[in-house]
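Encoded as structure tokens, the structure appears first; notes follow it.
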Amino acid sequence: MYRKVDLSMCRLMVAQWIFAIIAATWIAPRTWIGTTSAPNIHIFAAVFLGALVSGFPLLMYRLHPGEAVTRHVMAVSQILWSALLIHLTGGRIETHFHVFGSLAFLAFYRDWRVLITATVVVAADHMFRGIFWPQSVFGVTTSSNWRWIEHAGWVIFEDIVLVQSCVRGDLEMFSIARRQATIEAAKETTELRRELWRK
Amino acid sequence: MAAPNSPVFGQVRNRRHLGIAILLPIWLGLAVAGLSMLAVYQMRAGRQFAAPTQLAAIREPTGRATLYVFLHPQCGCSQATVSELERIQADTNGKLAMRLYFEMPTSDRSWEESPLYVRASAVRAWTVTADPGGRAAVKFGAATSGFTALFDSNGRKVFQGGVTPGRGHEGDSAGAATIIQFVKTGRVLTARTPVFGCALGNLGRT
């Protein structure tokens with residue numbers, strides 16, 4: 001199951017990279033000084049930084065498919081993508097929903113630890129920028145050092161639902177597997193008895 | 001082929017884990033450095049000079065509080081400024097006059113077809129004017145696209161600066177909050193904020 005989700009996440013990584021290049025090209029392809037212009041830094045960020053953010057998870061899938069470390073790299077990468085896309089789309093409030101969509105995607109792993117990794121990355125990003133550079137994240141030059149907790153709180157709010165769903169999904173999967181094993185064992189026992197009876 | 005629990009298999013596995021332990025922090029460090037560079041770019045303010053303290057000095061008619069805005073029609077980052085102006089327009093409920101000046105080359109009027117110019121022209125409440133050669137921008141001290149100057153009904157300057165929190169970024173900003181507060185209550189939160197955007201031709205290049 002983990003390998004299948006890894007593969008889906010890899011496809012998502014590539015799709016996000018393509019989307020980022022299109023968005024950067026569409027929104028602000030060039031910077032201007034009067035009548036002269038040069039390519040915008042966003043184009044380079046989308047191509048090279050996007051390749052870096054997506055590239056390592058793809059490598060991890062190639063070398064360690066289905067392993068726990070690959071899942072956590074996917075989680076970190078997905079949140080880095082949120083930060084990059086928010087930047088490339090000009091801080092649009094709508095793009096902030098990418099964080100919540102990403103958590104839902106990561107929940108497909110049915111491994112609650114992956115959600116914790118993603119949440120820690122979100123919280124760390126908001127905490128450091130909130131303390132040292134509040135204007136870049138909250139739009140004001142002076143902000144409470146604890147405002148990042150409010151943002152992280154909404155992420156944790158979603159986590160509570162998703163973690164419950166992961167744990168319940170795991171238990172159901174375990175229960176189905178055990179039932180299946182019991183049925184198969186019973187079937188094998190019956191067949192064995194039938195063969196012994198024939199002999 | 002080596003069995004999964006053989007020493008050869010164990011060595012290969014350890015080497016792979018060592019590879020991850022080395023590559024993971026390098027990858028994370030490079031990604032954080034890249035995002036930090038973008039943040040530095042986002043927060044690098046453009047130049048601005050002092051706008052006239054009294055509107056009468058430049059012979060412009062006035063009746064209510066007026067916001068003068070100077071934009072580069074090709075500046076993609078200034079889409080965020082226009083988005084913020086739309087919010088200010090909605091929040092102030094028509095109590096604020098807005099005059100937008102778009103700097104144009106003197107010989108080429110094709111910039112009037114740029115997406116930013118077309119978008120701003122579509123807002124009926126705004127007065128959108130082409131500014132060939134950036135003459136009005138020079139009068140107001142505008143050197144960066146997105147520069148705004150707010151004057152009260154008597155033509156006295158109360159604020160100047162940008163209305164976005166960063167270059168090409170929408171969101172709460174001290175500039176937008178000041179303009180809205182002044183129109184609603186007459187209170188000025190700050191007299192000046194940084195401006196984020198492309199450089200305007202005349203003053204931006206100096």
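Identifiers in this document derive from the order of the structure tokens: chains are assigned A, B, ..., residues are numbered from 1 separately in each chain, and ligands are numbered from 1 in order of occurrence.
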Legend entry - Interface list for chain B, partner chain A, 9 Å threshold, only C-alpha atoms, as a ChimeraX atom specification: /B:16,20,23-24,27-28,30-32,34-35,38-39,41-43,72,74-77,79-80,103-105,164-174,197-202,204-205
Residues of the last selection are to be written out with C-alpha atoms, as a PDB file, in the first residue's frame.
```pdb
ATOM      1  CA  ARG B  16      22.071   3.286   1.443  1.00  0.00           C
ATOM      2  CA  ILE B  20      20.121   9.177   2.965  1.00  0.00           C
ATOM      3  CA  LEU B  23      21.656  13.664   1.203  1.00  0.00           C
ATOM      4  CA  LEU B  24      18.645  14.518   3.381  1.00  0.00           C
ATOM      5  CA  TRP B  27      18.482  18.648   0.196  1.00  0.00           C
ATOM      6  CA  LEU B  28      16.641  20.321   3.050  1.00  0.00           C
ATOM      7  CA  LEU B  30      19.310  23.827  -0.288  1.00  0.00           C
ATOM      8  CA  ALA B  31      15.488  24.010  -0.366  1.00  0.00           C
ATOM      9  CA  VAL B  32      15.376  26.286   2.712  1.00  0.00           C
ATOM     10  CA  GLY B  34      16.183  28.764  -2.049  1.00  0.00           C
ATOM     11  CA  LEU B  35      12.969  29.699  -0.265  1.00  0.00           C
ATOM     12  CA  LEU B  38      12.741  34.197  -2.545  1.00  0.00           C
ATOM     13  CA  ALA B  39      11.677  35.726   0.785  1.00  0.00           C
ATOM     14  CA  TYR B  41      13.449  39.167  -2.955  1.00  0.00           C
ATOM     15  CA  GLN B  42       9.853  39.466  -1.747  1.00  0.00           C
ATOM     16  CA  MET B  43      10.800  41.835   1.072  1.00  0.00           C
ATOM     17  CA  HIS B  72       4.132  50.264 -14.263  1.00  0.00           C
ATOM     18  CA  GLN B  74       3.938  45.664 -17.402  1.00  0.00           C
ATOM     19  CA  CYS B  75       4.780  44.976 -13.731  1.00  0.00           C
ATOM     20  CA  GLY B  76       3.392  41.554 -12.827  1.00  0.00           C
ATOM     21  CA  CYS B  77       4.016  42.204  -9.115  1.00  0.00           C
ATOM     22  CA  GLN B  79      -1.324  42.861  -9.787  1.00  0.00           C
ATOM     23  CA  ALA B  80      -1.137  42.442  -5.997  1.00  0.00           C
ATOM     24  CA  GLU B 103       3.762  55.236 -16.657  1.00  0.00           C
ATOM     25  CA  MET B 104       4.102  54.832 -20.448  1.00  0.00           C
ATOM     26  CA  PRO B 105       6.896  55.290 -22.948  1.00  0.00           C
ATOM     27  CA  THR B 164       1.145  45.226  -0.160  1.00  0.00           C
ATOM     28  CA  PRO B 165       3.055  43.229   2.470  1.00  0.00           C
ATOM     29  CA  GLY B 166       5.759  42.243  -0.044  1.00  0.00           C
ATOM     30  CA  ARG B 167       6.728  42.268  -3.691  1.00  0.00           C
ATOM     31  CA  GLY B 168       3.884  40.760  -5.713  1.00  0.00           C
ATOM     32  CA  HIS B 169       2.195  39.605  -2.507  1.00  0.00           C
ATOM     33  CA  GLU B 170      -1.385  40.180  -1.475  1.00  0.00           C
ATOM     34  CA  GLY B 171      -2.426  40.266   2.167  1.00  0.00           C
ATOM     35  CA  ASP B 172      -2.714  42.497   5.228  1.00  0.00           C
ATOM     36  CA  SER B 173      -0.354  45.455   5.177  1.00  0.00           C
ATOM     37  CA  ALA B 174       0.234  48.555   7.265  1.00  0.00           C
ATOM     38  CA  GLY B 197       7.334  46.501  -7.251  1.00  0.00           C
ATOM     39  CA  CYS B 198       9.219  47.133 -10.476  1.00  0.00           C
ATOM     40  CA  ALA B 199      11.180  50.358 -10.854  1.00  0.00           C
ATOM     41  CA  LEU B 200       9.496  53.247 -12.651  1.00  0.00           C
ATOM     42  CA  GLY B 201      11.477  54.785 -15.519  1.00  0.00           C
ATOM     43  CA  ASN B 202      12.634  58.213 -14.394  1.00  0.00           C
ATOM     44  CA  GLY B 204      13.448  54.346 -10.335  1.00  0.00           C
ATOM     45  CA  ARG B 205      16.569  54.260 -12.473  1.00  0.00           C
TER      46      ARG B 205
END
```
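Residue nearest Glu172 (chain A), chosen from A:Ile160, A:Met127, A:Arg110, A:Val14 and counting only C-alpha atoms: A:Arg110.
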Inset, instruction - Write out as a ChimeraX atom specification which residues come within 12 Å of Thr127 (chain B) when counting only C-alpha atoms, dropping same-chain ones fewer than 2 positions away. - result: /B:66-70,96-102,117,120-125,129-130
Inset, instruction - Just list the residues in region 16-121 of chain B DSSP gives strand (DSSP E or B) on the backbone, as a PyMOL selection string. - result: chain B and resi 46+48+54+66-71+97-104
Restricting it to all heavy atoms, dump the selection as a short mmCIF file (atom, residue, chain, number, x, y, z; two decimals), in the first residue's frame.
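Here's the written file result.cif:
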```cif
data_model
loop_
_atom_site.label_atom_id
_atom_site.label_comp_id
_atom_site.auth_asym_id
_atom_site.auth_seq_id
_atom_site.Cartn_x
_atom_site.Cartn_y
_atom_site.Cartn_z
N GLY B 46 11.38 48.90 -2.88
CA GLY B 46 11.87 49.78 -3.93
C GLY B 46 12.09 51.19 -3.39
O GLY B 46 11.79 51.49 -2.24
N GLN B 48 11.61 55.28 -2.99
CA GLN B 48 10.53 56.27 -3.03
C GLN B 48 11.07 57.59 -2.52
O GLN B 48 11.99 57.62 -1.69
CB GLN B 48 9.32 55.82 -2.20
CG GLN B 48 9.57 55.60 -0.72
CD GLN B 48 8.28 55.28 0.03
OE1 GLN B 48 7.31 56.02 -0.07
NE2 GLN B 48 8.28 54.20 0.78
N GLN B 54 1.50 69.24 0.24
CA GLN B 54 0.21 69.91 -0.01
C GLN B 54 -0.17 69.74 -1.48
O GLN B 54 0.62 70.04 -2.36
CB GLN B 54 0.32 71.41 0.35
CG GLN B 54 -0.98 72.16 0.34
CD GLN B 54 -1.92 71.69 1.45
OE1 GLN B 54 -1.49 71.37 2.55
NE2 GLN B 54 -3.21 71.64 1.15
N THR B 66 -8.15 61.68 -1.31
CA THR B 66 -7.78 61.15 -2.63
C THR B 66 -6.51 60.33 -2.52
O THR B 66 -5.54 60.75 -1.88
CB THR B 66 -7.54 62.31 -3.63
OG1 THR B 66 -8.69 63.16 -3.61
CG2 THR B 66 -7.32 61.79 -5.04
N LEU B 67 -6.55 59.17 -3.15
CA LEU B 67 -5.36 58.30 -3.17
C LEU B 67 -4.78 58.33 -4.58
O LEU B 67 -5.46 57.96 -5.54
CB LEU B 67 -5.74 56.87 -2.78
CG LEU B 67 -4.57 55.89 -2.65
CD1 LEU B 67 -3.73 56.21 -1.41
CD2 LEU B 67 -5.06 54.45 -2.56
N TYR B 68 -3.55 58.75 -4.68
CA TYR B 68 -2.84 58.73 -5.97
C TYR B 68 -1.98 57.46 -6.00
O TYR B 68 -1.27 57.17 -5.04
CB TYR B 68 -1.94 59.97 -6.10
CG TYR B 68 -2.75 61.23 -6.36
CD1 TYR B 68 -3.36 61.91 -5.30
CD2 TYR B 68 -2.93 61.70 -7.65
CE1 TYR B 68 -4.12 63.05 -5.53
CE2 TYR B 68 -3.69 62.84 -7.89
CZ TYR B 68 -4.28 63.50 -6.82
OH TYR B 68 -5.04 64.62 -7.06
N VAL B 69 -2.08 56.75 -7.11
CA VAL B 69 -1.35 55.48 -7.24
C VAL B 69 -0.54 55.52 -8.53
O VAL B 69 -1.06 55.94 -9.58
CB VAL B 69 -2.33 54.28 -7.29
CG1 VAL B 69 -1.57 52.97 -7.30
CG2 VAL B 69 -3.31 54.33 -6.12
N PHE B 70 0.70 55.06 -8.46
CA PHE B 70 1.56 55.07 -9.65
C PHE B 70 2.00 53.64 -9.96
O PHE B 70 2.52 52.94 -9.08
CB PHE B 70 2.76 55.98 -9.41
CG PHE B 70 2.31 57.41 -9.22
CD1 PHE B 70 1.94 57.88 -7.96
CD2 PHE B 70 2.18 58.24 -10.32
CE1 PHE B 70 1.46 59.16 -7.80
CE2 PHE B 70 1.69 59.54 -10.16
CZ PHE B 70 1.34 60.00 -8.90
N LEU B 71 1.76 53.25 -11.21
CA LEU B 71 2.00 51.84 -11.58
C LEU B 71 2.76 51.73 -12.90
O LEU B 71 2.66 52.60 -13.77
CB LEU B 71 0.66 51.11 -11.71
CG LEU B 71 -0.16 50.99 -10.43
CD1 LEU B 71 -1.63 50.76 -10.75
CD2 LEU B 71 0.37 49.87 -9.54
N ALA B 97 -11.49 58.83 -3.21
CA ALA B 97 -11.26 58.94 -4.66
C ALA B 97 -9.91 58.30 -4.98
O ALA B 97 -8.96 58.48 -4.22
CB ALA B 97 -11.27 60.39 -5.07
N MET B 98 -9.86 57.56 -6.07
CA MET B 98 -8.59 56.94 -6.45
C MET B 98 -8.21 57.36 -7.85
O MET B 98 -9.02 57.27 -8.77
CB MET B 98 -8.71 55.41 -6.38
CG MET B 98 -8.69 54.87 -4.99
SD MET B 98 -8.15 53.16 -5.02
CE MET B 98 -9.04 52.53 -3.61
N ARG B 99 -6.97 57.81 -7.97
CA ARG B 99 -6.45 58.20 -9.29
C ARG B 99 -5.21 57.35 -9.57
O ARG B 99 -4.24 57.41 -8.81
CB ARG B 99 -6.06 59.68 -9.29
CG ARG B 99 -7.27 60.60 -9.22
CD ARG B 99 -6.84 62.02 -8.95
NE ARG B 99 -8.00 62.89 -8.93
CZ ARG B 99 -8.37 63.68 -9.94
NH1 ARG B 99 -7.64 63.73 -11.04
NH2 ARG B 99 -9.44 64.42 -9.85
N LEU B 100 -5.30 56.58 -10.63
CA LEU B 100 -4.19 55.69 -10.97
C LEU B 100 -3.45 56.22 -12.19
O LEU B 100 -4.07 56.52 -13.22
CB LEU B 100 -4.71 54.28 -11.28
CG LEU B 100 -5.03 53.37 -10.08
CD1 LEU B 100 -6.23 53.88 -9.29
CD2 LEU B 100 -5.27 51.95 -10.53
N TYR B 101 -2.15 56.35 -12.07
CA TYR B 101 -1.31 56.82 -13.18
C TYR B 101 -0.44 55.65 -13.65
O TYR B 101 0.29 55.06 -12.85
CB TYR B 101 -0.43 57.98 -12.74
CG TYR B 101 -1.20 59.26 -12.52
CD1 TYR B 101 -1.83 59.51 -11.30
CD2 TYR B 101 -1.33 60.20 -13.53
CE1 TYR B 101 -2.55 60.68 -11.10
CE2 TYR B 101 -2.06 61.37 -13.34
CZ TYR B 101 -2.67 61.60 -12.13
OH TYR B 101 -3.39 62.75 -11.93
N PHE B 102 -0.52 55.37 -14.93
CA PHE B 102 0.31 54.31 -15.51
C PHE B 102 1.42 54.93 -16.35
O PHE B 102 1.14 55.60 -17.34
CB PHE B 102 -0.55 53.39 -16.38
CG PHE B 102 -1.33 52.39 -15.59
CD1 PHE B 102 -2.58 52.70 -15.09
CD2 PHE B 102 -0.81 51.13 -15.33
CE1 PHE B 102 -3.31 51.78 -14.36
CE2 PHE B 102 -1.53 50.21 -14.60
CZ PHE B 102 -2.78 50.52 -14.11
N GLU B 103 2.64 54.67 -15.91
CA GLU B 103 3.76 55.24 -16.66
C GLU B 103 3.89 54.55 -18.02
O GLU B 103 3.83 53.32 -18.11
CB GLU B 103 5.05 55.04 -15.86
CG GLU B 103 6.21 55.76 -16.50
CD GLU B 103 7.50 55.56 -15.71
OE1 GLU B 103 7.65 56.24 -14.69
OE2 GLU B 103 8.32 54.73 -16.12
N MET B 104 4.02 55.37 -19.07
CA MET B 104 4.10 54.83 -20.45
C MET B 104 5.33 55.40 -21.14
O MET B 104 5.74 56.54 -20.85
CB MET B 104 2.87 55.28 -21.26
CG MET B 104 1.55 54.89 -20.69
SD MET B 104 1.15 53.21 -21.17
CE MET B 104 -0.32 52.95 -20.19
#
```
Inset, instruction - Report the distance between CA of Thr106 (chain B) and CA of Phe140 (chain B) in Å, rounded to one decimal place. - result: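 CA of Thr106 (chain B) sits 18.6 Å away from CA of Phe140 (chain B).
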Inset, instruction - Using DSSP on the backbone coordinates, identify the residues of chain B assigned to helix (DSSP H, G or I); present them as a PyMOL selection string. - result: chain B and resi 7-42+55-58+78-92+110-113+115-121+135-140+174-185+201-205
Keeping C-alpha atoms for every residue in the selection just given, could you write it to a file as a short mmCIF file (atom, residue, chain, number, x, y, z; two decimals), in the first residue's frame?
```cif
data_model
loop_
_atom_site.label_atom_id
_atom_site.label_comp_id
_atom_site.auth_asym_id
_atom_site.auth_seq_id
_atom_site.Cartn_x
_atom_site.Cartn_y
_atom_site.Cartn_z
CA PRO B 7 26.40 -9.57 5.78
CA VAL B 8 26.62 -8.44 2.09
CA PHE B 9 22.97 -7.37 2.08
CA GLY B 10 23.47 -5.62 5.42
CA GLN B 11 26.44 -3.65 4.05
CA VAL B 12 24.45 -2.47 1.02
CA ARG B 13 21.57 -1.44 3.29
CA ASN B 14 23.89 0.45 5.66
CA ARG B 15 25.52 2.25 2.71
CA ARG B 16 22.07 3.29 1.44
CA HIS B 17 21.07 4.58 4.86
CA LEU B 18 24.35 6.50 5.09
CA GLY B 19 23.52 8.01 1.68
CA ILE B 20 20.12 9.18 2.97
CA ALA B 21 21.71 10.58 6.15
CA ILE B 22 24.07 12.68 3.98
CA LEU B 23 21.66 13.66 1.20
CA LEU B 24 18.65 14.52 3.38
CA PRO B 25 20.18 17.51 5.25
CA ILE B 26 21.83 18.76 2.02
CA TRP B 27 18.48 18.65 0.20
CA LEU B 28 16.64 20.32 3.05
CA GLY B 29 19.36 22.98 3.43
CA LEU B 30 19.31 23.83 -0.29
CA ALA B 31 15.49 24.01 -0.37
CA VAL B 32 15.38 26.29 2.71
CA ALA B 33 18.15 28.47 1.21
CA GLY B 34 16.18 28.76 -2.05
CA LEU B 35 12.97 29.70 -0.27
CA SER B 36 14.89 32.20 1.90
CA MET B 37 16.28 33.85 -1.25
CA LEU B 38 12.74 34.20 -2.54
CA ALA B 39 11.68 35.73 0.78
CA VAL B 40 14.57 38.23 0.58
CA TYR B 41 13.45 39.17 -2.96
CA GLN B 42 9.85 39.47 -1.75
CA LEU B 55 -1.82 68.91 -3.07
CA ALA B 56 -2.53 72.55 -4.06
CA ALA B 57 1.15 72.93 -4.81
CA ILE B 58 0.72 70.70 -7.85
CA SER B 78 1.64 45.18 -9.24
CA GLN B 79 -1.32 42.86 -9.79
CA ALA B 80 -1.14 42.44 -6.00
CA THR B 81 -1.33 46.24 -5.56
CA VAL B 82 -4.45 46.40 -7.75
CA SER B 83 -6.01 43.53 -5.75
CA GLU B 84 -5.35 45.48 -2.54
CA LEU B 85 -6.80 48.66 -4.08
CA GLU B 86 -9.96 46.72 -4.92
CA ARG B 87 -10.19 45.69 -1.24
CA ILE B 88 -9.59 49.26 -0.08
CA GLN B 89 -12.30 50.44 -2.50
CA ALA B 90 -14.77 47.92 -1.04
CA ASP B 91 -13.84 48.75 2.58
CA THR B 92 -14.05 52.53 2.18
CA SER B 110 0.69 49.72 -26.81
CA TRP B 111 1.25 49.39 -23.04
CA GLU B 112 -2.35 50.54 -22.60
CA GLU B 113 -3.30 47.01 -23.65
CA PRO B 115 -3.38 43.10 -18.48
CA LEU B 116 -2.77 45.43 -15.51
CA TYR B 117 -3.93 48.55 -17.37
CA VAL B 118 -7.00 46.77 -18.77
CA ARG B 119 -7.88 45.40 -15.32
CA ALA B 120 -7.60 48.79 -13.62
CA SER B 121 -9.53 50.53 -16.42
CA ARG B 135 5.96 63.15 -15.59
CA ALA B 136 3.24 62.81 -12.92
CA ALA B 137 5.27 60.08 -11.19
CA VAL B 138 8.24 62.44 -10.89
CA LYS B 139 6.00 65.18 -9.38
CA PHE B 140 4.80 62.79 -6.69
CA ALA B 174 0.23 48.56 7.27
CA GLY B 175 -0.27 50.74 4.17
CA ALA B 176 -3.73 49.43 3.30
CA ALA B 177 -4.76 49.49 7.00
CA THR B 178 -3.66 53.14 7.31
CA ILE B 179 -5.66 54.25 4.25
CA ILE B 180 -8.81 52.45 5.41
CA GLN B 181 -8.46 53.75 9.00
CA PHE B 182 -7.94 57.32 7.82
CA VAL B 183 -11.00 57.30 5.56
CA LYS B 184 -13.17 55.73 8.29
CA THR B 185 -11.90 57.52 11.42
CA GLY B 201 11.48 54.78 -15.52
CA ASN B 202 12.63 58.21 -14.39
CA LEU B 203 13.18 58.13 -10.63
CA GLY B 204 13.45 54.35 -10.34
CA ARG B 205 16.57 54.26 -12.47
#
```
Inset, instruction - Would you please work out which residue, of B:Gly155, B:Gly94, B:Gly161, B:Gly146, is nearest to Pro194 (chain B) when using only C-alpha atoms? - result: B:Gly161
Inset, instruction - Go ahead and compute the interatomic distance for CA of Ala20 (chain A) and CA of Ala51 (chain A), in Å to one decimal. - result: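 These atoms are spaced 10.2 Å apart.
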Inset, instruction - Find the spatial neighbours of Val121 (chain A), counting only C-alpha atoms, within a cut-off of 9 Å - ignore same-chain residues fewer than 3 positions away - and output them as a PyMOL selection string. - result: chain A and resi 75-76+79-80+116-118+124-126
With C-alpha atoms retained, could you export that selection as a PDB file, in the first residue's frame?
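So the final result, stored in selection_33.pdb, reads:
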```pdb
ATOM      1  CA  ALA A  75       5.622  15.013   3.691  1.00  0.00           C
ATOM      2  CA  VAL A  76       8.452  17.548   4.012  1.00  0.00           C
ATOM      3  CA  ILE A  79       4.904  21.351   2.633  1.00  0.00           C
ATOM      4  CA  LEU A  80       7.909  22.927   0.882  1.00  0.00           C
ATOM      5  CA  ILE A 116       3.149  15.034  12.400  1.00  0.00           C
ATOM      6  CA  THR A 117       6.244  15.577  10.219  1.00  0.00           C
ATOM      7  CA  ALA A 118       4.257  17.823   7.852  1.00  0.00           C
ATOM      8  CA  ALA A 124       8.587  25.739  12.181  1.00  0.00           C
ATOM      9  CA  ASP A 125       8.217  27.842   9.004  1.00  0.00           C
ATOM     10  CA  HIS A 126       5.575  30.082  10.602  1.00  0.00           C
TER      11      HIS A 126
END
```
